[in-house]
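Structure first, then comments.
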Amino acid sequence: FVGSAYASVFPLNKVEKAVPADAKEGVISFRFENNTEKPFKFKNFSVSCSCLTVEVFPKDYALGKEVPPGVAGRVDVTFNIGTRVGRVPQQVVTHLLLESGEIKTETLTATLMVPKLVEITPPTSKWTVGEKDRKEVVIKISQGAGIEVKELKAMNAHFEYSLKTIKAFEEYRVYLTPKKLDGPAFSSFELKTNSKDLRYKSLRFYGLITRPR
């Protein structure tokens with residue numbers, strides 16, 4: 001860092017990584033380099049989600065420790081995936097303490113790609129008040145996932161509904177027909193499966209009746 005000039009210590013500040021569908025956590029690494037003539041310190045990290053933890057390696061350069069000129073290492077961002085699926089972007093703001101006493105920030109974007117084993121289309125079926133046409137919801141399961149739909153429940157009696165197996169472990173259809181025709185209504189539907197994974201043990205989709213615009 002020369003005078004007020006400042007160059008990024010991270011050659012890449014956006015990284016994406018794919019993980020297996022059953023992964024409980026994922027780690028994305030960001031390389032850092034001190035290519036200047038002056039040291040700096042990692043002061044602290046601000047994260048966009050409590051599902052993230054951040055560590056500096058080697059640990060000789062952990063928070064509050066001096067990173068000398070010519071040194072390189074990595075910042076590891078660990079995700080606790082939980083029930084998240086699909087593209088999962090999160091951000092880490094790194095606060096760097098320069099030798100001058102200045103604090104500079106750099107934002108790292110870490111994105112995990114978690115395979116989505118079940119697709120529900122559409123996630124919300126919609127009608128206007130008075131409509132009573134039957135609509136179809138398609139549930140598709142990735143081949144080999146071993147997920148079987150076992151039961152369908154509704155939160156209320158605003159819709160008639162039925163579940164049909166097209167191909168066990170691969171495709172199911174749900175048919176929805178409004179019963180409430182005199183005003184707006186909403187219902188959620190729960191599909192229970194044989195999966196022990198919390199992401200797929202219980203799946204939800206919705207029915208919505210609104211007034212004409």
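By convention here, the chains of the structure tokens are called A, B, ... in the order presented, each chain's residues are numbered starting at 1, and ligands are numbered starting at 1 in the order presented.
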
Could the residues of range 174-208 of chain A that have an atom at most 12 Å from range 113-124 of chain A be listed as JSON lines, each with its closest atom pair and the distance in Å to one decimal, counting only C-alpha atoms and ordered by chain and ascending residue number?
{"residue": "A:Val174", "atom": "CA", "partner": "A:Ile120", "partner_atom": "CA", "distance": 10.1}
{"residue": "A:Tyr175", "atom": "CA", "partner": "A:Pro122", "partner_atom": "CA", "distance": 11.8}
{"residue": "A:Leu176", "atom": "CA", "partner": "A:Thr124", "partner_atom": "CA", "distance": 11.0}
{"residue": "A:Phe186", "atom": "CA", "partner": "A:Thr124", "partner_atom": "CA", "distance": 10.0}
{"residue": "A:Ser187", "atom": "CA", "partner": "A:Thr124", "partner_atom": "CA", "distance": 9.7}
{"residue": "A:Ser188", "atom": "CA", "partner": "A:Thr124", "partner_atom": "CA", "distance": 9.0}
{"residue": "A:Phe189", "atom": "CA", "partner": "A:Thr124", "partner_atom": "CA", "distance": 10.0}
{"residue": "A:Glu190", "atom": "CA", "partner": "A:Ile120", "partner_atom": "CA", "distance": 11.7}
{"residue": "A:Leu191", "atom": "CA", "partner": "A:Ile120", "partner_atom": "CA", "distance": 10.5}
{"residue": "A:Thr193", "atom": "CA", "partner": "A:Val118", "partner_atom": "CA", "distance": 11.0}
{"residue": "A:Ser195", "atom": "CA", "partner": "A:Leu117", "partner_atom": "CA", "distance": 11.2}
{"residue": "A:Asp197", "atom": "CA", "partner": "A:Leu117", "partner_atom": "CA", "distance": 11.1}
{"residue": "A:Arg199", "atom": "CA", "partner": "A:Lys116", "partner_atom": "CA", "distance": 9.3}
{"residue": "A:Tyr200", "atom": "CA", "partner": "A:Val118", "partner_atom": "CA", "distance": 7.6}
{"residue": "A:Lys201", "atom": "CA", "partner": "A:Val118", "partner_atom": "CA", "distance": 10.9}
{"residue": "A:Ser202", "atom": "CA", "partner": "A:Val118", "partner_atom": "CA", "distance": 11.0}
{"residue": "A:Leu203", "atom": "CA", "partner": "A:Ile120", "partner_atom": "CA", "distance": 8.8}
{"residue": "A:Arg204", "atom": "CA", "partner": "A:Pro123", "partner_atom": "CA", "distance": 7.9}
{"residue": "A:Phe205", "atom": "CA", "partner": "A:Pro123", "partner_atom": "CA", "distance": 5.0}
{"residue": "A:Tyr206", "atom": "CA", "partner": "A:Thr124", "partner_atom": "CA", "distance": 4.6}
{"residue": "A:Gly207", "atom": "CA", "partner": "A:Thr124", "partner_atom": "CA", "distance": 5.6}
{"residue": "A:Leu208", "atom": "CA", "partner": "A:Thr124", "partner_atom": "CA", "distance": 7.0}

What lies within 6 Å of Glu33 in chain A using only C-alpha atoms, ignoring chain neighbours under 2 positions off, as a PDB file with C-alpha atoms, in the first residue's frame?
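This went into selection_3.pdb:
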ATOM      1  CA  VAL A   9      -5.463  -8.378  -1.774  1.00  0.00           C
ATOM      2  CA  ASN A  35       2.031  -7.802  -3.057  1.00  0.00           C
ATOM      3  CA  VAL A  71       2.838 -13.390   1.938  1.00  0.00           C
ATOM      4  CA  ALA A  72      -0.075 -15.341   0.448  1.00  0.00           C
TER       5      ALA A  72
END

DSSP strand (DSSP E) selection over range 12-206 of chain A, as a VMD selection string = chain A and resid 14 to 18 25 to 33 40 to 47 52 to 57 66 to 67 72 to 80 86 to 98 103 to 114 118 to 121 124 to 128 135 to 141 149 to 154 159 to 167 171 to 178 185 to 193 202 to 206

Determine which residues of chain A receive a DSSP assignment of helix (DSSP H, G or I), computed from the backbone, and state them as a list in words.
->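 So, restricting chain A to helix (DSSP H, G or I), we get Lys59, Asp60, Tyr61, Leu198, Arg199, Tyr200 and Lys201 of chain A.
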
Counting only C-alpha atoms, closest pick from A:Leu108, A:Ile139, A:Met155, A:Val75 relative to Pro58 in chain A is A:Val75

From the list A:Asn194, A:Ser29, A:Thr94, A:Thr128, which residue is nearest Ala145 in chain A when using only C-alpha atoms?
->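 Nearest candidate to Ala145 in chain A out of A:Asn194, A:Ser29, A:Thr94, A:Thr128: A:Asn194.
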
Using only C-alpha atoms, which of the listed residues (A:Gln91, A:Gly70, A:Ala7, A:Thr78) sits closest to Cys49 in chain A?
->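 Checking each candidate against Cys49 in chain A, we get A:Gln91 as the closest.
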
Expressed in Å to a single decimal, how great is the separation between CA of Pro178 in chain A and CA of Asn156 in chain A?
->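 CA of Asn156 in chain A lies 11.6 Å from CA of Pro178 in chain A.
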
Gap from CA of Phe32 in chain A to CA of Val56 in chain A - Å, one decimal |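 The value is 9.6 Å.
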
Just the residues within 6 Å of range 168-170 of chain A, please, counting only C-alpha atoms, with nothing from its chain fewer than 3 positions along; format it as a ChimeraX atom specification.
-> /A:140-141,147-148

Filtering to N, CA and C atoms, could you give me those residues as a PDB file, in the first residue's frame?
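Contents of the output file result_32.pdb:
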ATOM      1  N   LYS A 140     -41.505 -33.262 -10.060  1.00  0.00           N
ATOM      2  CA  LYS A 140     -40.495 -34.096 -10.703  1.00  0.00           C
ATOM      3  C   LYS A 140     -39.315 -34.305  -9.750  1.00  0.00           C
ATOM      4  N   ILE A 141     -38.883 -35.550  -9.666  1.00  0.00           N
ATOM      5  CA  ILE A 141     -37.812 -35.937  -8.758  1.00  0.00           C
ATOM      6  C   ILE A 141     -36.633 -36.453  -9.571  1.00  0.00           C
ATOM      7  N   ILE A 147     -36.428 -40.583  -3.682  1.00  0.00           N
ATOM      8  CA  ILE A 147     -37.467 -39.866  -2.937  1.00  0.00           C
ATOM      9  C   ILE A 147     -38.837 -40.282  -3.463  1.00  0.00           C
ATOM     10  N   GLU A 148     -39.696 -40.687  -2.550  1.00  0.00           N
ATOM     11  CA  GLU A 148     -41.052 -41.121  -2.905  1.00  0.00           C
ATOM     12  C   GLU A 148     -42.070 -40.258  -2.170  1.00  0.00           C
TER      13      GLU A 148
END

Atom pair CA of Leu163 in chain A / CA of Lys150 in chain A: separation (Å) =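 About the pair CA of Leu163 in chain A and CA of Lys150 in chain A: they are 9.7 Å apart.
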
Nearby residues (only C-alpha atoms) at most 12 Å from Leu97 in chain A, same-chain spacing under 4 positions excluded, as an NGL selection string = :A and (1 or 6 or 38-45 or 63-67 or 101-106)

What lies within 8 Å of Asn80 in chain A using only C-alpha atoms, ignoring chain neighbours under 6 positions off, as JSON, numbers by chain?
-> {"A": [24, 25, 26, 51, 52]}

Could you please take those selected residues and save N, CA and C atoms as a PDB file, in the first residue's frame?
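To be explicit, this is the file written out as selection_22.pdb:
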ATOM      1  N   LYS A  24     -23.867 -31.437   3.844  1.00  0.00           N
ATOM      2  CA  LYS A  24     -24.345 -30.676   5.006  1.00  0.00           C
ATOM      3  C   LYS A  24     -23.652 -29.317   5.099  1.00  0.00           C
ATOM      4  N   GLU A  25     -22.436 -29.248   4.532  1.00  0.00           N
ATOM      5  CA  GLU A  25     -21.727 -27.975   4.497  1.00  0.00           C
ATOM      6  C   GLU A  25     -20.870 -27.902   3.247  1.00  0.00           C
ATOM      7  N   GLY A  26     -20.424 -26.697   2.936  1.00  0.00           N
ATOM      8  CA  GLY A  26     -19.551 -26.477   1.790  1.00  0.00           C
ATOM      9  C   GLY A  26     -18.547 -25.398   2.133  1.00  0.00           C
ATOM     10  N   CYS A  51     -25.321 -18.528   8.789  1.00  0.00           N
ATOM     11  CA  CYS A  51     -24.924 -19.854   8.317  1.00  0.00           C
ATOM     12  C   CYS A  51     -23.463 -19.897   7.885  1.00  0.00           C
ATOM     13  N   LEU A  52     -22.754 -18.768   7.956  1.00  0.00           N
ATOM     14  CA  LEU A  52     -21.370 -18.698   7.493  1.00  0.00           C
ATOM     15  C   LEU A  52     -20.391 -18.596   8.646  1.00  0.00           C
TER      16      LEU A  52
END

For Gly82 in chain A, the closest of A:Ile209, A:Val47, A:Ala18, A:Leu198 counting only C-alpha atoms is A:Leu198

Compare A:Asp22, A:Glu171, A:Asp76, A:Asp133 by their minimum atom-to-atom distance to Thr53 in chain A, counting only C-alpha atoms, and give me the closest one.
->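 Going through A:Asp22, A:Glu171, A:Asp76, A:Asp133 one by one, the smallest distance to Thr53 in chain A is for A:Asp76.
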
Minimum-distance residue to Arg31 in chain A, chosen among A:Ser48, A:Asn13, A:Thr165, A:Thr109 (using only C-alpha atoms) = A:Asn13
